[in-house]
$ cat model.tsv   # TSV, C-alpha atoms and all ligand atoms
chain	number	residue	atom	x	y	z
B	1	MET	CA	111.38	115.41	104.83
B	2	ASN	CA	108.73	118.10	104.23
B	3	ASN	CA	105.05	117.18	104.39
B	4	VAL	CA	103.30	116.47	101.09
B	5	ASN	CA	99.86	118.14	101.13
B	6	VAL	CA	97.20	116.33	99.15
B	7	GLY	CA	93.67	117.13	97.99
B	8	ILE	CA	90.89	114.67	97.12
B	9	ILE	CA	88.40	115.35	94.33
B	10	GLY	CA	85.22	113.30	94.75
B	11	THR	CA	84.38	112.23	98.32
B	12	GLY	CA	82.34	109.11	97.55
B	13	ALA	CA	82.95	105.47	98.45
B	14	VAL	CA	86.56	105.04	97.31
B	15	ALA	CA	87.71	108.39	98.74
B	16	HIS	CA	87.61	106.85	102.24
B	17	GLU	CA	90.26	104.35	101.13
B	18	HIS	CA	92.41	107.17	99.67
B	19	LEU	CA	92.14	109.07	102.94
B	20	ARG	CA	92.99	105.98	105.03
B	21	ARG	CA	96.01	105.11	102.88
B	22	TYR	CA	97.38	108.67	102.79
B	23	ARG	CA	97.07	108.84	106.57
B	24	GLU	CA	99.28	105.78	106.89
B	25	ILE	CA	102.11	107.73	105.23
B	26	HIS	CA	104.12	109.67	107.81
B	27	ASN	CA	104.84	112.76	105.66
B	28	CYS	CA	101.50	113.03	103.86
B	29	VAL	CA	98.57	115.24	104.93
B	30	VAL	CA	95.17	115.43	103.25
B	31	ILE	CA	94.40	119.13	103.65
B	32	GLY	CA	91.43	119.69	101.35
B	33	VAL	CA	88.53	118.13	99.48
B	34	PHE	CA	86.12	119.02	96.72
B	35	ASP	CA	82.92	117.25	95.67
B	36	ILE	CA	80.23	118.48	93.32
B	37	ASP	CA	77.93	117.72	96.25
B	38	PHE	CA	79.14	120.27	98.83
B	39	ALA	CA	77.25	118.64	101.71
B	40	LYS	CA	79.00	115.34	100.99
B	41	ALA	CA	82.42	117.00	100.94
B	42	SER	CA	81.59	118.81	104.20
B	43	LEU	CA	80.58	115.61	105.95
B	44	PHE	CA	83.74	113.88	104.69
B	45	ALA	CA	85.91	116.78	105.89
B	46	LYS	CA	84.16	116.87	109.26
B	47	THR	CA	84.47	113.10	109.74
B	48	TYR	CA	88.20	113.15	109.07
B	49	ASP	CA	89.01	116.60	110.43
B	50	ILE	CA	90.18	117.97	107.06
B	51	PRO	CA	90.61	121.76	107.22
B	52	LEU	CA	89.72	122.88	103.66
B	53	ILE	CA	86.46	122.30	101.79
B	54	PHE	CA	86.53	123.88	98.35
B	55	ASN	CA	83.55	125.29	96.47
B	56	SER	CA	84.85	124.41	93.03
B	57	LEU	CA	87.48	122.36	91.24
B	58	SER	CA	89.35	125.50	90.20
B	59	GLU	CA	89.44	126.71	93.81
B	60	LEU	CA	91.13	123.47	94.90
B	61	LEU	CA	93.54	123.60	91.99
B	62	GLU	CA	94.48	127.19	92.79
B	63	CYS	CA	95.43	126.23	96.37
B	64	SER	CA	99.21	126.54	96.36
B	65	GLN	CA	99.60	124.39	99.52
B	66	ILE	CA	98.36	121.30	97.63
B	67	CYS	CA	100.91	119.54	95.45
B	68	GLY	CA	99.21	116.18	94.79
B	69	VAL	CA	95.61	115.32	93.96
B	70	SER	CA	93.51	112.15	94.03
B	71	VAL	CA	90.79	112.04	91.37
B	72	ALA	CA	88.01	109.84	92.75
B	73	VAL	CA	85.00	110.93	90.66
B	74	PRO	CA	83.00	108.44	88.53
B	75	GLU	CA	85.03	107.04	85.63
B	76	GLN	CA	83.21	108.86	82.82
B	77	LEU	CA	84.36	112.15	84.44
B	78	HIS	CA	88.04	111.24	84.90
B	79	TYR	CA	89.08	112.87	81.65
B	80	GLU	CA	87.56	116.30	82.18
B	81	VAL	CA	88.77	116.49	85.79
B	82	ALA	CA	92.24	115.02	85.11
B	83	VAL	CA	92.92	117.52	82.30
B	84	GLU	CA	92.30	120.40	84.70
B	85	VAL	CA	94.47	118.85	87.41
B	86	ILE	CA	97.40	118.29	85.04
B	87	ARG	CA	97.15	121.82	83.64
B	88	SER	CA	97.21	123.21	87.18
B	89	GLY	CA	100.70	121.70	87.59
B	90	LYS	CA	99.79	119.30	90.41
B	91	ALA	CA	100.75	115.62	90.63
B	92	ILE	CA	97.80	113.32	89.95
B	93	LEU	CA	96.65	109.92	91.19
B	94	CYS	CA	93.61	109.09	89.06
B	95	GLU	CA	91.19	106.30	89.81
B	96	LYS	CA	90.79	103.44	87.36
B	97	PRO	CA	89.99	103.08	84.50
B	98	LEU	CA	91.98	106.12	83.41
B	99	THR	CA	89.28	107.02	80.87
B	100	ILE	CA	86.49	105.34	78.92
B	101	LYS	CA	87.80	106.26	75.46
B	102	SER	CA	91.36	105.73	74.28
B	103	SER	CA	91.27	109.08	72.45
B	104	GLU	CA	90.91	110.67	75.91
B	105	SER	CA	93.59	108.55	77.62
B	106	SER	CA	95.93	109.28	74.72
B	107	GLN	CA	95.34	113.01	75.23
B	108	LEU	CA	96.02	112.67	78.96
B	109	VAL	CA	99.33	110.93	78.23
B	110	LYS	CA	100.28	113.88	75.97
B	111	GLU	CA	99.27	116.34	78.69
B	112	VAL	CA	101.41	114.69	81.40
B	113	GLN	CA	104.34	114.38	79.03
B	114	THR	CA	104.10	118.12	78.36
B	115	SER	CA	103.61	119.16	81.98
B	116	ASN	CA	106.11	116.60	83.36
B	117	GLN	CA	103.96	116.02	86.46
B	118	ILE	CA	103.95	112.78	88.48
B	119	ASN	CA	100.98	110.75	87.21
B	120	MET	CA	99.57	107.43	88.41
B	121	VAL	CA	96.47	105.29	87.95
B	122	ASN	CA	95.07	103.54	91.00
B	123	PHE	CA	95.31	99.95	89.78
B	124	SER	CA	95.44	98.97	93.42
B	125	TYR	CA	95.98	95.21	93.01
B	126	ARG	CA	99.10	95.82	90.92
B	127	ARG	CA	101.07	96.42	94.11
B	128	ILE	CA	100.11	93.35	96.13
B	129	PRO	CA	103.21	91.33	97.08
B	130	ALA	CA	102.11	88.17	95.22
B	131	LEU	CA	101.63	90.10	91.97
B	132	GLN	CA	105.00	91.79	92.27
B	133	ALA	CA	106.59	88.36	92.76
B	134	ALA	CA	104.68	86.99	89.75
B	135	HIS	CA	105.90	89.85	87.58
B	136	ASP	CA	109.53	89.34	88.65
B	137	LEU	CA	109.41	85.56	88.11
B	138	VAL	CA	108.04	85.89	84.57
B	139	ASP	CA	110.39	88.77	83.82
B	140	ASP	CA	113.38	86.72	84.98
B	141	GLY	CA	112.31	83.87	82.67
B	142	LYS	CA	111.78	81.41	85.58
B	143	LEU	CA	108.63	80.02	83.95
B	144	GLY	CA	110.14	79.90	80.44
B	145	LYS	CA	107.97	80.96	77.53
B	146	ILE	CA	104.41	81.61	78.70
B	147	LYS	CA	101.89	79.38	76.96
B	148	HIS	CA	98.61	79.89	78.73
B	149	VAL	CA	96.93	82.32	81.15
B	150	GLU	CA	93.79	82.07	83.24
B	151	ALA	CA	92.59	85.13	85.15
B	152	THR	CA	89.48	85.87	87.13
B	153	TYR	CA	87.98	88.81	88.98
B	154	LEU	CA	84.65	88.13	90.60
B	155	ASN	CA	82.74	90.02	93.20
B	156	GLY	CA	79.42	89.10	94.66
B	157	TRP	CA	77.73	92.19	96.07
B	158	LEU	CA	74.60	91.45	94.03
B	159	THR	CA	74.11	88.41	96.24
B	160	HIS	CA	75.71	89.30	99.57
B	161	THR	CA	75.34	92.17	102.03
B	162	VAL	CA	78.91	92.29	103.34
B	163	ASP	CA	79.42	95.72	101.68
B	164	GLY	CA	75.83	96.83	102.43
B	165	ASN	CA	72.58	96.34	100.50
B	166	TRP	CA	73.32	97.34	96.88
B	167	LYS	CA	69.66	98.26	96.29
B	168	LYS	CA	70.12	101.16	98.71
B	169	LEU	CA	73.61	102.29	97.67
B	170	PRO	CA	73.80	104.91	94.87
B	171	HIS	CA	77.49	104.13	94.17
B	172	GLN	CA	76.56	100.47	93.47
B	173	LEU	CA	73.32	101.27	91.61
B	174	ARG	CA	75.18	103.62	89.24
B	175	ARG	CA	77.51	100.71	88.32
B	176	LEU	CA	74.50	98.84	86.90
B	177	SER	CA	73.13	101.63	84.73
B	178	THR	CA	74.42	103.02	81.41
B	179	ARG	CA	72.51	106.27	81.85
B	180	HIS	CA	74.62	106.88	84.95
B	181	GLY	CA	77.76	106.47	82.87
B	182	SER	CA	78.50	102.82	83.60
B	183	PHE	CA	80.32	100.65	81.06
B	184	GLY	CA	79.61	97.71	83.28
B	185	VAL	CA	81.76	95.16	84.99
B	186	LEU	CA	83.97	95.05	81.90
B	187	TYR	CA	85.38	98.51	82.65
B	188	ASP	CA	84.90	98.42	86.42
B	189	LEU	CA	86.61	95.17	87.46
B	190	GLY	CA	87.99	94.38	84.01
B	191	SER	CA	90.33	97.38	84.16
B	192	HIS	CA	92.02	95.91	87.27
B	193	LEU	CA	92.24	92.45	85.73
B	194	ILE	CA	93.66	93.63	82.41
B	195	ASP	CA	96.24	95.74	84.21
B	196	LEU	CA	97.45	92.95	86.45
B	197	VAL	CA	97.51	90.32	83.69
B	198	THR	CA	99.42	92.53	81.27
B	199	TYR	CA	101.81	93.59	84.04
B	200	VAL	CA	102.79	89.95	84.48
B	201	VAL	CA	102.44	88.50	80.97
B	202	GLY	CA	102.87	91.53	78.67
B	203	ASP	CA	100.74	93.24	76.04
B	204	ILE	CA	97.47	91.80	74.78
B	205	ILE	CA	97.26	92.18	71.00
B	206	ASN	CA	93.91	90.57	70.10
B	207	VAL	CA	90.67	90.18	72.04
B	208	LYS	CA	87.36	88.44	71.57
B	209	CYS	CA	84.86	89.47	74.21
B	210	GLU	CA	81.35	88.55	75.17
B	211	THR	CA	79.32	90.45	77.76
B	212	LYS	CA	75.98	89.75	79.35
B	213	THR	CA	73.47	91.66	81.45
B	214	LEU	CA	71.51	89.23	83.59
B	215	PRO	CA	68.22	89.91	85.40
B	216	LYS	CA	68.52	91.03	89.01
B	217	GLY	CA	65.37	89.63	90.55
B	218	LYS	CA	61.90	90.88	89.73
B	219	VAL	CA	62.70	94.54	89.08
B	220	SER	CA	64.66	95.90	86.11
B	221	LYS	CA	65.32	99.29	87.70
B	222	ILE	CA	65.34	101.22	90.98
B	223	ASP	CA	64.38	104.91	90.65
B	224	ASP	CA	66.13	106.00	87.42
B	225	TYR	CA	68.87	103.37	87.73
B	226	VAL	CA	67.89	101.06	84.86
B	227	PHE	CA	69.87	97.80	85.14
B	228	ASP	CA	71.23	97.70	81.61
B	229	SER	CA	75.01	97.67	81.92
B	230	ASN	CA	76.91	94.41	81.59
B	231	ASP	CA	77.58	92.34	84.70
B	232	THR	CA	79.58	89.50	83.19
B	233	ALA	CA	82.38	89.65	80.62
B	234	LEU	CA	84.41	86.80	79.17
B	235	ILE	CA	87.52	87.71	77.20
B	236	ILE	CA	89.75	85.53	75.04
B	237	ALA	CA	93.09	87.31	74.90
B	238	GLU	CA	96.07	86.72	72.67
B	239	PHE	CA	99.34	88.07	74.10
B	240	ARG	CA	102.21	89.51	72.09
B	241	SER	CA	104.32	86.60	73.36
B	242	GLY	CA	101.97	84.17	71.57
B	243	ALA	CA	100.28	82.89	74.74
B	244	LEU	CA	96.51	82.61	74.81
B	245	GLY	CA	94.46	83.42	77.87
B	246	SER	CA	90.96	83.69	79.26
B	247	LEU	CA	89.79	86.55	81.45
B	248	ASN	CA	86.68	85.95	83.45
B	249	ILE	CA	84.97	88.98	85.04
B	250	SER	CA	81.65	89.02	86.84
B	251	ARG	CA	79.49	90.60	89.49
B	252	TRP	CA	77.92	87.18	89.88
B	253	GLY	CA	80.65	85.85	92.13
B	254	THR	CA	78.17	84.49	94.64
B	255	GLY	CA	79.86	83.80	97.96
B	256	HIS	CA	82.86	86.00	97.15
B	257	LYS	CA	83.74	89.49	98.26
B	258	ARG	CA	86.59	90.04	95.84
B	259	ARG	CA	88.04	86.97	94.18
B	260	ILE	CA	91.11	87.61	92.06
B	261	ARG	CA	92.86	84.57	90.70
B	262	LEU	CA	95.74	84.43	88.26
B	263	ASN	CA	97.30	81.30	86.79
B	264	VAL	CA	100.24	81.62	84.42
B	265	PHE	CA	101.56	78.48	82.74
B	266	GLY	CA	104.97	78.44	81.09
B	267	GLU	CA	107.20	75.88	79.42
B	268	HIS	CA	109.31	75.46	82.56
B	269	GLY	CA	106.97	76.36	85.38
B	270	ALA	CA	103.67	77.83	86.56
B	271	LEU	CA	102.38	80.26	89.15
B	272	GLU	CA	99.10	80.73	90.89
B	273	ILE	CA	97.73	83.66	92.90
B	274	GLU	CA	94.47	83.62	94.82
B	275	THR	CA	94.04	86.93	96.65
B	276	GLU	CA	91.14	85.87	98.86
B	277	LYS	CA	93.42	83.21	100.35
B	278	SER	CA	96.50	85.43	100.57
B	279	GLU	CA	97.90	88.53	98.90
B	280	ASN	CA	101.32	87.67	100.33
B	281	HIS	CA	101.72	84.13	99.01
B	282	ILE	CA	102.23	82.69	95.56
B	283	ASN	CA	101.91	79.03	94.60
B	284	LEU	CA	104.81	77.96	92.41
B	285	CYS	CA	105.52	74.92	90.32
B	286	LEU	CA	109.18	75.18	89.32
B	287	GLU	CA	112.17	72.93	88.55
B	288	LYS	CA	111.70	69.40	90.00
B	289	ASN	CA	108.09	70.19	90.89
B	290	VAL	CA	107.25	70.48	87.18
B	291	LEU	CA	107.92	66.77	86.60
B	292	ASP	CA	106.05	65.90	89.79
B	293	ALA	CA	103.14	68.24	88.91
B	294	ASN	CA	103.35	69.82	92.34
B	295	PHE	CA	102.87	73.38	93.66
B	296	THR	CA	104.43	74.87	96.78
B	297	SER	CA	103.34	78.04	98.56
B	298	VAL	CA	106.00	80.75	98.87
B	299	GLU	CA	105.79	83.91	100.99
B	300	CYS	CA	106.47	87.12	99.02
B	301	PRO	CA	108.39	90.17	100.25
B	302	PRO	CA	106.26	93.24	101.11
B	303	ALA	CA	105.80	95.90	98.41
B	304	PRO	CA	104.95	99.61	98.79
B	305	ASN	CA	101.37	100.42	97.82
B	306	ILE	CA	100.26	102.90	95.12
B	307	TYR	CA	99.74	105.77	97.58
B	308	GLU	CA	103.22	105.32	99.05
B	309	LEU	CA	104.72	105.28	95.55
B	310	PHE	CA	102.75	108.40	94.60
B	311	ILE	CA	103.96	110.40	97.61
B	312	LYS	CA	107.52	109.13	97.22
B	313	GLY	CA	107.37	110.01	93.50
B	314	ILE	CA	106.38	113.60	94.41
B	315	CYS	CA	109.18	113.85	97.01
B	316	ASP	CA	111.90	112.38	94.78
B	317	SER	CA	110.57	113.72	91.43
B	318	ILE	CA	110.73	110.18	90.05
B	319	GLN	CA	107.83	108.86	87.97
B	320	PRO	CA	106.41	105.63	89.51
B	321	LYS	CA	104.30	102.95	87.82
B	322	PRO	CA	101.48	102.35	86.97
B	323	SER	CA	101.54	105.69	85.15
B	324	PHE	CA	99.09	107.15	82.65
B	325	ILE	CA	100.89	105.21	79.90
B	326	GLU	CA	99.81	101.90	81.46
B	327	GLY	CA	96.36	103.41	82.11
B	328	HIS	CA	96.10	104.31	78.42
B	329	ASN	CA	97.08	100.79	77.36
B	330	VAL	CA	94.42	99.28	79.62
B	331	THR	CA	91.79	101.64	78.15
B	332	LYS	CA	92.81	100.51	74.65
B	333	VAL	CA	92.22	96.87	75.62
B	334	LEU	CA	88.89	97.72	77.31
B	335	GLU	CA	87.70	99.70	74.31
B	336	SER	CA	88.64	96.83	72.00
B	337	CYS	CA	86.79	94.36	74.25
B	338	TYR	CA	83.73	96.58	74.20
B	339	MET	CA	83.91	96.84	70.40
B	340	SER	CA	84.41	93.07	70.11
B	341	SER	CA	81.33	92.39	72.24
B	342	LYS	CA	79.24	94.71	70.04
B	343	LYS	CA	80.55	93.39	66.71
B	344	ASN	CA	80.89	89.79	67.82
B	345	GLU	CA	84.36	89.50	66.30
B	346	MET	CA	88.02	89.43	67.27
B	347	VAL	CA	89.49	92.94	67.57
B	348	GLN	CA	93.15	93.80	67.18
B	349	ILE	CA	94.71	96.29	69.60
B	350	LYS	CA	97.01	98.87	68.06
B	351	TYR	CA	99.90	100.17	70.20
B	401	LIG	N1	90.91	101.30	92.76
B	401	LIG	C1	89.85	100.67	93.26
B	401	LIG	O1	89.98	99.55	93.76
B	401	LIG	C2	88.50	101.32	93.19
B	401	LIG	C3	87.46	100.90	94.03
B	401	LIG	C4	86.22	101.57	93.94
B	401	LIG	C5	86.03	102.59	93.02
B	401	LIG	N2	87.06	102.95	92.19
B	401	LIG	C6	86.91	104.04	91.21
B	401	LIG	O2	86.77	105.25	91.93
B	401	LIG	C7	85.92	106.16	91.22
B	401	LIG	C8	84.79	106.60	92.15
B	401	LIG	O3	84.05	105.47	92.54
B	401	LIG	P1	83.14	105.50	93.87
B	401	LIG	O4	82.67	104.13	94.08
B	401	LIG	O5	83.85	106.20	94.94
B	401	LIG	O6	81.92	106.39	93.35
B	401	LIG	P2	80.91	107.28	94.20
B	401	LIG	O7	79.73	107.50	93.33
B	401	LIG	O8	80.72	106.70	95.57
B	401	LIG	O9	81.73	108.65	94.41
B	401	LIG	C9	81.98	109.57	93.38
B	401	LIG	C10	81.92	110.97	93.99
B	401	LIG	O10	82.27	111.91	92.98
B	401	LIG	C11	81.41	113.04	93.14
B	401	LIG	N3	81.38	113.77	91.86
B	401	LIG	C12	80.64	113.51	90.75
B	401	LIG	N4	80.94	114.40	89.77
B	401	LIG	C13	81.90	115.23	90.28
B	401	LIG	C14	82.61	116.31	89.75
B	401	LIG	N5	82.42	116.74	88.50
B	401	LIG	N6	83.50	116.94	90.55
B	401	LIG	C15	83.71	116.53	91.84
B	401	LIG	N7	83.05	115.49	92.38
B	401	LIG	C16	82.16	114.83	91.62
B	401	LIG	C17	80.08	112.47	93.56
B	401	LIG	O11	79.26	113.45	94.18
B	401	LIG	C18	80.53	111.36	94.51
B	401	LIG	O12	80.64	111.82	95.83
B	401	LIG	C19	85.45	105.40	89.98
B	401	LIG	O13	86.25	105.75	88.90
B	401	LIG	C20	85.68	103.92	90.35
B	401	LIG	O14	85.92	103.12	89.21
B	401	LIG	C21	88.27	102.33	92.28
$ encode --input "model.tsv" --output "structure tokens"
Amino acid sequence: MNNVNVGIIGTGAVAHEHLRRYREIHNCVVIGVFDIDFAKASLFAKTYDIPLIFNSLSELLECSQICGVSVAVPEQLHYEVAVEVIRSGKAILCEKPLTIKSSESSQLVKEVQTSNQINMVNFSYRRIPALQAAHDLVDDGKLGKIKHVEATYLNGWLTHTVDGNWKKLPHQLRRLSTRHGSFGVLYDLGSHLIDLVTYVVGDIINVKCETKTLPKGKVSKIDDYVFDSNDTALIIAEFRSGALGSLNISRWGTGHKRRIRLNVFGEHGALEIETEKSENHINLCLEKNVLDANFTSVECPPAPNIYELFIKGICDSIQPKPSFIEGHNVTKVLESCYMSSKKNEMVQIKY
């Protein structure tokens, strides 16, 4: 099979993960990068021995050797960069959330439908084996009608130093500050959680959301990073199936690096995922165990990750998921949550 040459736009924190994952794929080569900060792109290219450093977005997009592109710029810039990538005719893997506004994500869906390019959103947790198993079990009706959902995404970098000292990291400081484009933990971690919950349980049709911005010690800003974007969001979600759920998202997950937990309770069974314990195991309460109120841990088969699906999609010309359509649906839910938190009322999501 021929090599698939890839470019990365934005060489900040998450770009290292893109590079690492692409390098694990035998027929994929990252051949070029672009960052608005040329020195940053140069250092990235030098570190990883990447031959091409572009001076502009258009220069990268004009490079005929590149057929797929990762968009890893801050979320408020996804739209303007993604539009250019799609119009250049290259396949696109865009970071999450697809966009901030649903008017933008809707336009991106139209653009990819017109250009017919492979398009994906990097909802990375979607592909963990336990989540794939959860999706298949619910889809096969093994849990019966879903009645209740509990989902959590917590991280704790405000209180730990495992990922470095946030007070000295611009990519963490910008997440706390609206003037740097942040829509808070709601959009940042919430986009992952909404994607994985809806993947398993189906569309959310109504949300009631509350957000909070809590003090971070004695200072309310560092340089021009004013700490005013939300760091906790609680969502009550009603699913199309009739089930009700709670989504709990916070940067105040003291003691946790990344805690994702999903509990789905149905008429005939229940499932539980706790990624910090294992991404490859699911706790199941099915059949006889329902009467005994007992869970057993089951190992899940491996699943290809997003990057592997993206490269395979380019090779086979088959559109993988999560695509921009799912990305658009997540943005609609996020936007409705944001609106709900501002208006203090339940908001209906229109599909
Ligand atoms: N999927 C995941 O699990 C995951 C994890 C972390 C971050 N993300 C997402 O990745 C994106 C980037 O996050 P990050 O933490 O790497 O941020 P970052 O601030 O570390 O990196 C962003 C980079 O984009 C560059 N940039 C800014 N404007 C640009 C432009 N117009 N053109 C080209 N480059 C530009 C910046 O110079 C910077 O190097 C965000 O959308 C974030 O939500 C996803």
$ residues_near_ligand --input "model.tsv" --ligand "ligand LIG 401 (chain B)" --cutoff "7 Å" --atoms "all atoms listed in the file" --output "PyMOL selection string"
chain B and resi 9-15+34-37+40+57+72-75+77+81+95-97+122-124+170-171+188
$ residues_around --input "model.tsv" --residues "region 175-181 of chain B" --least-positions-apart "2" --cutoff "8 Å" --atoms "all atoms listed in the file" --output "list of chain:residue names"
B:Pro74, B:Glu75, B:Gln76, B:His171, B:Gln172, B:Leu173, B:Phe183, B:Gly184, B:Val185, B:Asp188, B:Tyr225, B:Val226, B:Phe227, B:Asp228, B:Ser229, B:Asn230, B:Asp231
$ closest_residue --input "model.tsv" --among "B:Glu150, B:Arg23, B:Val83, B:Asn2" --to "Phe265 (chain B)" --atoms "all atoms listed in the file"
B:Glu150
$ closest_residue --input "model.tsv" --among "B:Ile86, B:Ala303, B:Val71, B:Leu52" --to "Glu279 (chain B)" --atoms "all atoms listed in the file"
B:Ala303
$ closest_residue --input "model.tsv" --among "B:His328, B:Arg20, B:Lys288, B:Arg126" --to "Lys101 (chain B)" --atoms "all atoms listed in the file"
B:His328
$ residues_around --input "model.tsv" --residues "Glu267 (chain B)" --least-positions-apart "2" --cutoff "10 Å" --atoms "only C-alpha atoms" --output "PDB file with C-alpha atoms, keeping the file's coordinate frame"
ATOM      1  CA  LYS B 142     111.780  81.410  85.580  1.00  0.00           C
ATOM      2  CA  LEU B 143     108.630  80.020  83.950  1.00  0.00           C
ATOM      3  CA  GLY B 144     110.140  79.900  80.440  1.00  0.00           C
ATOM      4  CA  LYS B 145     107.970  80.960  77.530  1.00  0.00           C
ATOM      5  CA  ILE B 146     104.410  81.610  78.700  1.00  0.00           C
ATOM      6  CA  LYS B 147     101.890  79.380  76.960  1.00  0.00           C
ATOM      7  CA  HIS B 148      98.610  79.890  78.730  1.00  0.00           C
ATOM      8  CA  PHE B 265     101.560  78.480  82.740  1.00  0.00           C
ATOM      9  CA  GLY B 269     106.970  76.360  85.380  1.00  0.00           C
ATOM     10  CA  ALA B 270     103.670  77.830  86.560  1.00  0.00           C
ATOM     11  CA  VAL B 290     107.250  70.480  87.180  1.00  0.00           C
TER      12      VAL B 290
END
$ residues_around --input "model.tsv" --residues "region 102-107 of chain B" --least-positions-apart "4" --cutoff "7 Å" --atoms "all atoms listed in the file" --output "VMD selection string"
chain B and resid 79 98 111 328 331 to 332
$ residues_around --input "model.tsv" --residues "Thr159 (chain B)" --least-positions-apart "2" --cutoff "6 Å" --atoms "only C-alpha atoms" --output "number ranges by chain"
B: 156-157, 254
$ residues_around --input "model.tsv" --residues "Asn5 (chain B)" --least-positions-apart "2" --cutoff "12 Å" --atoms "only C-alpha atoms" --output "PyMOL selection string"
chain B and resi 2-3+7-8+22-23+25-33+50-52+60+63-70+90-91+311+314-315
$ closest_residue --input "model.tsv" --among "B:His78, B:His268, B:His160, B:Lys312" --to "Leu137 (chain B)" --atoms "all atoms listed in the file"
B:His268
$ atom_distance --input "model.tsv" --atom1 "CA of Phe239 (chain B)" --atom2 "CA of Val347 (chain B)"
12.8 Å
$ atom_distance --input "model.tsv" --atom1 "CA of Ala243 (chain B)" --atom2 "CA of Asp203 (chain B)"
10.4 Å
$ residues_near_point --input "model.tsv" --point "(91.7, 87.1, 82.5)" --cutoff "9 Å" --atoms "only C-alpha atoms" --output "list of chain:residue names"
B:Val149, B:Glu150, B:Ala151, B:Thr152, B:Tyr153, B:Gly190, B:Leu193, B:Ile194, B:Val197, B:Leu234, B:Ile235, B:Ile236, B:Ala237, B:Gly245, B:Ser246, B:Leu247, B:Asn248, B:Ile249, B:Arg261, B:Leu262
$ write_last_selection --input "model.tsv" --atoms "C-alpha atoms" --output "CSV table (one decimal), in the coordinates of the input"
chain,number,residue,atom,x,y,z
B,149,VAL,CA,96.9,82.3,81.2
B,150,GLU,CA,93.8,82.1,83.2
B,151,ALA,CA,92.6,85.1,85.2
B,152,THR,CA,89.5,85.9,87.1
B,153,TYR,CA,88.0,88.8,89.0
B,190,GLY,CA,88.0,94.4,84.0
B,193,LEU,CA,92.2,92.4,85.7
B,194,ILE,CA,93.7,93.6,82.4
B,197,VAL,CA,97.5,90.3,83.7
B,234,LEU,CA,84.4,86.8,79.2
B,235,ILE,CA,87.5,87.7,77.2
B,236,ILE,CA,89.8,85.5,75.0
B,237,ALA,CA,93.1,87.3,74.9
B,245,GLY,CA,94.5,83.4,77.9
B,246,SER,CA,91.0,83.7,79.3
B,247,LEU,CA,89.8,86.6,81.4
B,248,ASN,CA,86.7,86.0,83.4
B,249,ILE,CA,85.0,89.0,85.0
B,261,ARG,CA,92.9,84.6,90.7
B,262,LEU,CA,95.7,84.4,88.3
$ axis_aligned_box --input "model.tsv" --around "region 86-98 of chain B" --padding-each-side "6 Å" --output "lines of an AutoDock Vina configuration file"
center_x = 95.4
center_y = 113.1
center_z = 87.3
size_x = 22.8
size_y = 32.1
size_z = 19.8
$ atom_distance --input "model.tsv" --atom1 "CA of Phe324 (chain B)" --atom2 "CA of Met120 (chain B)"
5.8 Å
$ closest_residue --input "model.tsv" --among "B:His281, B:Lys343, B:Arg259, B:His192" --to "Glu210 (chain B)" --atoms "all atoms listed in the file"
B:Lys343
$ closest_residue --input "model.tsv" --among "B:Ala41, B:Ala133, B:Leu244, B:Val219" --to "Asn283 (chain B)" --atoms "all atoms listed in the file"
B:Ala133
$ decode --input "model.tsv" --residues "region 127-136 of chain B" --atoms "N, CA and C atoms" --output "PDB file, in the first residue's frame"
ATOM      1  N   ARG B 127     -13.091   5.744  20.662  1.00  0.00           N
ATOM      2  CA  ARG B 127     -12.559   4.504  20.100  1.00  0.00           C
ATOM      3  C   ARG B 127     -11.979   3.546  21.150  1.00  0.00           C
ATOM      4  N   ILE B 128     -12.100   3.879  22.443  1.00  0.00           N
ATOM      5  CA  ILE B 128     -11.525   2.941  23.410  1.00  0.00           C
ATOM      6  C   ILE B 128     -12.372   1.669  23.411  1.00  0.00           C
ATOM      7  N   PRO B 129     -11.713   0.508  23.609  1.00  0.00           N
ATOM      8  CA  PRO B 129     -12.424  -0.767  23.489  1.00  0.00           C
ATOM      9  C   PRO B 129     -13.688  -0.847  24.358  1.00  0.00           C
ATOM     10  N   ALA B 130     -13.616  -0.342  25.600  1.00  0.00           N
ATOM     11  CA  ALA B 130     -14.785  -0.452  26.490  1.00  0.00           C
ATOM     12  C   ALA B 130     -15.972   0.330  25.936  1.00  0.00           C
ATOM     13  N   LEU B 131     -15.702   1.477  25.300  1.00  0.00           N
ATOM     14  CA  LEU B 131     -16.806   2.278  24.771  1.00  0.00           C
ATOM     15  C   LEU B 131     -17.424   1.627  23.534  1.00  0.00           C
ATOM     16  N   GLN B 132     -16.563   1.029  22.726  1.00  0.00           N
ATOM     17  CA  GLN B 132     -17.076   0.298  21.557  1.00  0.00           C
ATOM     18  C   GLN B 132     -17.991  -0.835  22.018  1.00  0.00           C
ATOM     19  N   ALA B 133     -17.540  -1.547  23.063  1.00  0.00           N
ATOM     20  CA  ALA B 133     -18.359  -2.663  23.582  1.00  0.00           C
ATOM     21  C   ALA B 133     -19.683  -2.129  24.128  1.00  0.00           C
ATOM     22  N   ALA B 134     -19.628  -0.993  24.838  1.00  0.00           N
ATOM     23  CA  ALA B 134     -20.849  -0.405  25.410  1.00  0.00           C
ATOM     24  C   ALA B 134     -21.836  -0.054  24.298  1.00  0.00           C
ATOM     25  N   HIS B 135     -21.320   0.555  23.243  1.00  0.00           N
ATOM     26  CA  HIS B 135     -22.165   0.927  22.112  1.00  0.00           C
ATOM     27  C   HIS B 135     -22.844  -0.307  21.521  1.00  0.00           C
ATOM     28  N   ASP B 136     -22.058  -1.372  21.316  1.00  0.00           N
ATOM     29  CA  ASP B 136     -22.610  -2.573  20.670  1.00  0.00           C
ATOM     30  C   ASP B 136     -23.655  -3.242  21.560  1.00  0.00           C
TER      31      ASP B 136
END
